[in-house]
Amino acid sequence: MNADVRPVLKLRDDTVGALAAMRGVFARDLKVAFRQRQDLLNPLLFFVMVVTLFPLGVSPEVSFLREAGAGILWVAALLSVLLSLDHLFRHDFDDGTLEQLVLQPQPLFLLVLAKTMAHWVLTGLPLVMLTPVLGVMVHLDGNSIGVLCLTLLIGTPVLSLIGSIGAALTLGLRSAGVLLSLLIIPLYIPVLIFGTGTVAAAAEGAQVGAYVALMGAFLVLALTLAPFASAAALRISLSNG
C-alpha cells in the first residue's frame with residue numbers, strides 16, 4: 001500500500017524511547033483510521049441501529065425500555081466493539097507493518113498497548129459519547145444514564161484489551177471473525193454482567209461504589225495482562241504465517 005495512504009512506521013532507531021514509540025504507534029493508528037472512515041463509522045452506526053431498532057422489534061413500552069435499557073446499550077456496545085476487532089491488526093498484517101512492530105527494539109507489549117488504546121479511542125470512546133442520547137431514547141433517567149456512561153467508560157477499554165488477544169490469535173486465519181467471536185464473547189460476560197448490574201443497582205437507589213471498584217479491578221487486570229498475552233499471540237501468529 002502506498003505511503004501516502006498509510007503512514008510509514010519509523011521506530012527502528014534504538015535511541016527512541018518506549019513512550020515515544022508508543023506515541024508514534026498511537027498517532028499513526030489514528031491517522032490511518034481517519035483515512036479509512038468506513039471502518040471507523042461502521043461500529044458506531046451498528047451501535048445506533050441496534051439500540052434504535054430494539055424497541056421496534058421487541059416492545060416500545062416505557063416501563064420495559066426503562067428496565068431493559070442499560071442491558072440493550074451494553075449489549076449493543078459489546079457487539080460494536082467486537083465488530084471492529086478484526087481490523088485491529090489485520091491491515092498492519094496485510095501491508096507488513098506488523099512485522100516491523102515485532103522487530104522493533106522497543107517492547108512489543110507496549111506497542112500493542114498503544115494500538116489497543118488507539119482502538120478504544122476510535123471505537124469505545126465514541127460509544128460512550130453517544131450513550132446519553134441513546135439513553136434518553138430508551139427512557140433511562142439522568143442518574144442511570146450517568147452511571148451507564150461511567151460503566152462504559154471503564155468497561156469498553158476492557159473489551160478492547162481482551163479483544164486484542166483474540167484478534168492476535170486469529171490473525172491470518174480464514175473465517176477469523178466467527179472464531180474471534182467464539183473466543184472472546186465468554187470472556188466478555190463478566191464485564192457485561194457487572195456493567196448492567198451497576199446501572200440496575202443505581203436505579204434501585206443502592207450504593208454502586210463496590211460495583212464500580214470491581215469494574216476498575218477488571219480494567220487494571222486487563223491493562224496488566226492483556227498486552228503481554230496479545231504480544232505473545234502476535235509472535236505465534238506471525239511465526240505460523
# chains A, B, ... in the order shown; residues from 1 in each chain; ligands from 1
call {"tool": "residues_around", "arguments": {"residues": "A:Ala114", "least_positions_apart": "2", "cutoff": "6 Å", "atoms": "only C-alpha atoms", "output": "PDB file with C-alpha atoms, in the first residue's frame"}}
result
ATOM      1  CA  MET A  22       4.022   4.226  21.884  1.00  0.00           C
ATOM      2  CA  PHE A  26      -0.834   5.613  18.666  1.00  0.00           C
ATOM      3  CA  LEU A 111       3.379  -1.125  21.153  1.00  0.00           C
ATOM      4  CA  VAL A 112       0.397  -3.484  21.288  1.00  0.00           C
ATOM      5  CA  THR A 116      -5.255  -1.137  21.656  1.00  0.00           C
ATOM      6  CA  MET A 117      -5.657   2.287  23.246  1.00  0.00           C
TER       7      MET A 117
END
call {"tool": "residues_around", "arguments": {"residues": "A:Glu67", "least_positions_apart": "4", "cutoff": "10 Å", "atoms": "only C-alpha atoms", "output": "mmCIF file with N, CA, C and O atoms, in the first residue's frame"}}
result
data_model
loop_
_atom_site.group_PDB
_atom_site.id
_atom_site.type_symbol
_atom_site.label_atom_id
_atom_site.label_comp_id
_atom_site.auth_asym_id
_atom_site.auth_seq_id
_atom_site.Cartn_x
_atom_site.Cartn_y
_atom_site.Cartn_z
ATOM 1 N N VAL A 62 -42.711 2.066 27.732
ATOM 2 C CA VAL A 62 -41.746 2.844 28.502
ATOM 3 C C VAL A 62 -41.204 2.036 29.675
ATOM 4 O O VAL A 62 -39.989 2.045 29.950
ATOM 5 N N SER A 63 -42.071 1.318 30.370
ATOM 6 C CA SER A 63 -41.623 0.567 31.547
ATOM 7 C C SER A 63 -40.614 -0.523 31.157
ATOM 8 O O SER A 63 -39.614 -0.730 31.851
ATOM 9 N N GLY A 71 -29.181 -2.840 29.651
ATOM 10 C CA GLY A 71 -28.744 -4.071 29.016
ATOM 11 C C GLY A 71 -28.685 -3.942 27.502
ATOM 12 O O GLY A 71 -27.757 -4.454 26.858
ATOM 13 N N ILE A 72 -29.661 -3.241 26.924
ATOM 14 C CA ILE A 72 -29.671 -3.039 25.478
ATOM 15 C C ILE A 72 -28.424 -2.278 25.045
ATOM 16 O O ILE A 72 -27.716 -2.660 24.091
ATOM 17 N N VAL A 138 -34.213 5.315 25.254
ATOM 18 C CA VAL A 138 -34.793 4.146 25.926
ATOM 19 C C VAL A 138 -35.346 4.514 27.306
ATOM 20 O O VAL A 138 -35.557 3.646 28.154
ATOM 21 N N HIS A 139 -35.544 5.807 27.548
ATOM 22 C CA HIS A 139 -36.252 6.325 28.720
ATOM 23 C C HIS A 139 -35.516 6.062 30.036
ATOM 24 O O HIS A 139 -36.159 5.868 31.083
ATOM 25 N N LEU A 140 -34.179 6.059 30.017
ATOM 26 C CA LEU A 140 -33.438 5.982 31.269
ATOM 27 C C LEU A 140 -33.425 7.352 31.937
ATOM 28 O O LEU A 140 -33.383 8.380 31.254
ATOM 29 N N VAL A 199 -25.815 -0.400 36.787
ATOM 30 C CA VAL A 199 -26.914 0.510 36.441
ATOM 31 C C VAL A 199 -28.202 0.088 37.128
ATOM 32 O O VAL A 199 -28.970 0.941 37.612
ATOM 33 N N ALA A 200 -28.455 -1.210 37.221
ATOM 34 C CA ALA A 200 -29.656 -1.694 37.905
ATOM 35 C C ALA A 200 -29.631 -1.322 39.382
ATOM 36 O O ALA A 200 -30.656 -0.917 39.955
ATOM 37 N N ALA A 203 -30.427 2.348 39.717
ATOM 38 C CA ALA A 203 -31.845 2.625 39.505
ATOM 39 C C ALA A 203 -32.680 2.293 40.732
ATOM 40 O O ALA A 203 -33.721 2.919 40.985
#
call {"tool": "closest_residue", "arguments": {"among": "A:Asn240, A:Asn143, A:Ser164, A:Gln104", "to": "A:Leu88", "atoms": "only C-alpha atoms"}}
result
A:Ser164
call {"tool": "closest_atom_pairs", "arguments": {"of": "stretch 190-225 of chain A", "to": "stretch 149-161 of chain A", "cutoff": "8 Å", "atoms": "only C-alpha atoms", "output": "JSON lines"}}
result
{"residue": "A:Val191", "atom": "CA", "partner": "A:Gly155", "partner_atom": "CA", "distance": 6.5}
{"residue": "A:Gly195", "atom": "CA", "partner": "A:Thr151", "partner_atom": "CA", "distance": 5.5}
{"residue": "A:Thr198", "atom": "CA", "partner": "A:Thr151", "partner_atom": "CA", "distance": 7.5}
{"residue": "A:Val212", "atom": "CA", "partner": "A:Thr151", "partner_atom": "CA", "distance": 7.1}
{"residue": "A:Met215", "atom": "CA", "partner": "A:Ile154", "partner_atom": "CA", "distance": 6.7}
{"residue": "A:Gly216", "atom": "CA", "partner": "A:Ile154", "partner_atom": "CA", "distance": 6.5}
{"residue": "A:Phe218", "atom": "CA", "partner": "A:Val158", "partner_atom": "CA", "distance": 7.0}
{"residue": "A:Leu219", "atom": "CA", "partner": "A:Val158", "partner_atom": "CA", "distance": 5.4}
{"residue": "A:Ala222", "atom": "CA", "partner": "A:Val158", "partner_atom": "CA", "distance": 6.0}
{"residue": "A:Leu223", "atom": "CA", "partner": "A:Leu161", "partner_atom": "CA", "distance": 7.0}
call {"tool": "residues_around", "arguments": {"residues": "A:Ala33", "least_positions_apart": "3", "cutoff": "12 Å", "atoms": "only C-alpha atoms", "output": "list in words"}}
result
Val5, Arg6, Pro7, Phe26, Ala27, Arg28, Asp29, Leu30, Gln36, Arg37, Gln38, Asp39, Leu40, Leu41, Asn42, Ser84, His87, Leu88, His91, Asp92, Lys115, Ala118, His119, Trp120, Val121, Leu122 and Thr123 of chain A
call {"tool": "select_by_dssp", "arguments": {"residues": "stretch 9-225 of chain A", "states": "helix (DSSP H, G or I)", "output": "JSON, numbers by chain"}}
result
{"A": [18, 19, 20, 21, 22, 23, 24, 25, 26, 27, 28, 29, 30, 31, 32, 33, 34, 35, 37, 38, 39, 40, 41, 42, 43, 44, 45, 46, 47, 48, 49, 50, 51, 52, 53, 54, 55, 56, 57, 62, 63, 64, 65, 66, 67, 68, 69, 70, 71, 72, 73, 74, 75, 76, 77, 78, 79, 80, 81, 82, 83, 84, 85, 87, 88, 89, 90, 91, 92, 93, 94, 95, 97, 98, 99, 100, 101, 102, 103, 108, 109, 110, 111, 112, 113, 114, 115, 116, 117, 118, 119, 120, 121, 122, 123, 124, 125, 126, 127, 128, 129, 130, 131, 132, 133, 134, 135, 136, 137, 142, 143, 144, 145, 146, 147, 148, 149, 150, 151, 152, 153, 154, 155, 156, 157, 158, 159, 160, 161, 162, 163, 164, 165, 166, 167, 168, 169, 176, 177, 178, 179, 180, 181, 182, 183, 184, 185, 186, 187, 188, 189, 190, 191, 192, 193, 194, 195, 196, 197, 198, 199, 200, 201, 202, 203, 209, 210, 211, 212, 213, 214, 215, 216, 217, 218, 219, 220, 221, 222, 223, 224, 225]}
call {"tool": "closest_residue", "arguments": {"among": "A:Val220, A:Ala70, A:Ala76, A:Leu183", "to": "A:Gly197", "atoms": "only C-alpha atoms"}}
result
A:Ala70
call {"tool": "closest_residue", "arguments": {"among": "A:Phe109, A:Met137, A:Leu103, A:Leu225", "to": "A:Pro55", "atoms": "only C-alpha atoms"}}
result
A:Met137
call {"tool": "closest_residue", "arguments": {"among": "A:Val48, A:Leu83, A:Leu134, A:Leu78", "to": "A:Leu187", "atoms": "only C-alpha atoms"}}
result
A:Leu78
call {"tool": "atom_distance", "arguments": {"atom1": "atom CA of A:Ala231", "atom2": "atom CA of A:Leu180"}}
result
16.5 Å
call {"tool": "closest_residue", "arguments": {"among": "A:Ile185, A:Val102, A:Leu65, A:Val147", "to": "A:Gly209", "atoms": "only C-alpha atoms"}}
result
A:Val147
call {"tool": "residues_around", "arguments": {"residues": "A:Ile165", "least_positions_apart": "2", "cutoff": "7 Å", "atoms": "only C-alpha atoms", "output": "JSON, numbers by chain"}}
result
{"A": [162, 163, 167, 168, 169, 226, 229, 230, 233]}
call {"tool": "closest_residue", "arguments": {"among": "A:Leu148, A:Thr97, A:Met49, A:Leu113", "to": "A:Ala201", "atoms": "only C-alpha atoms"}}
result
A:Leu148
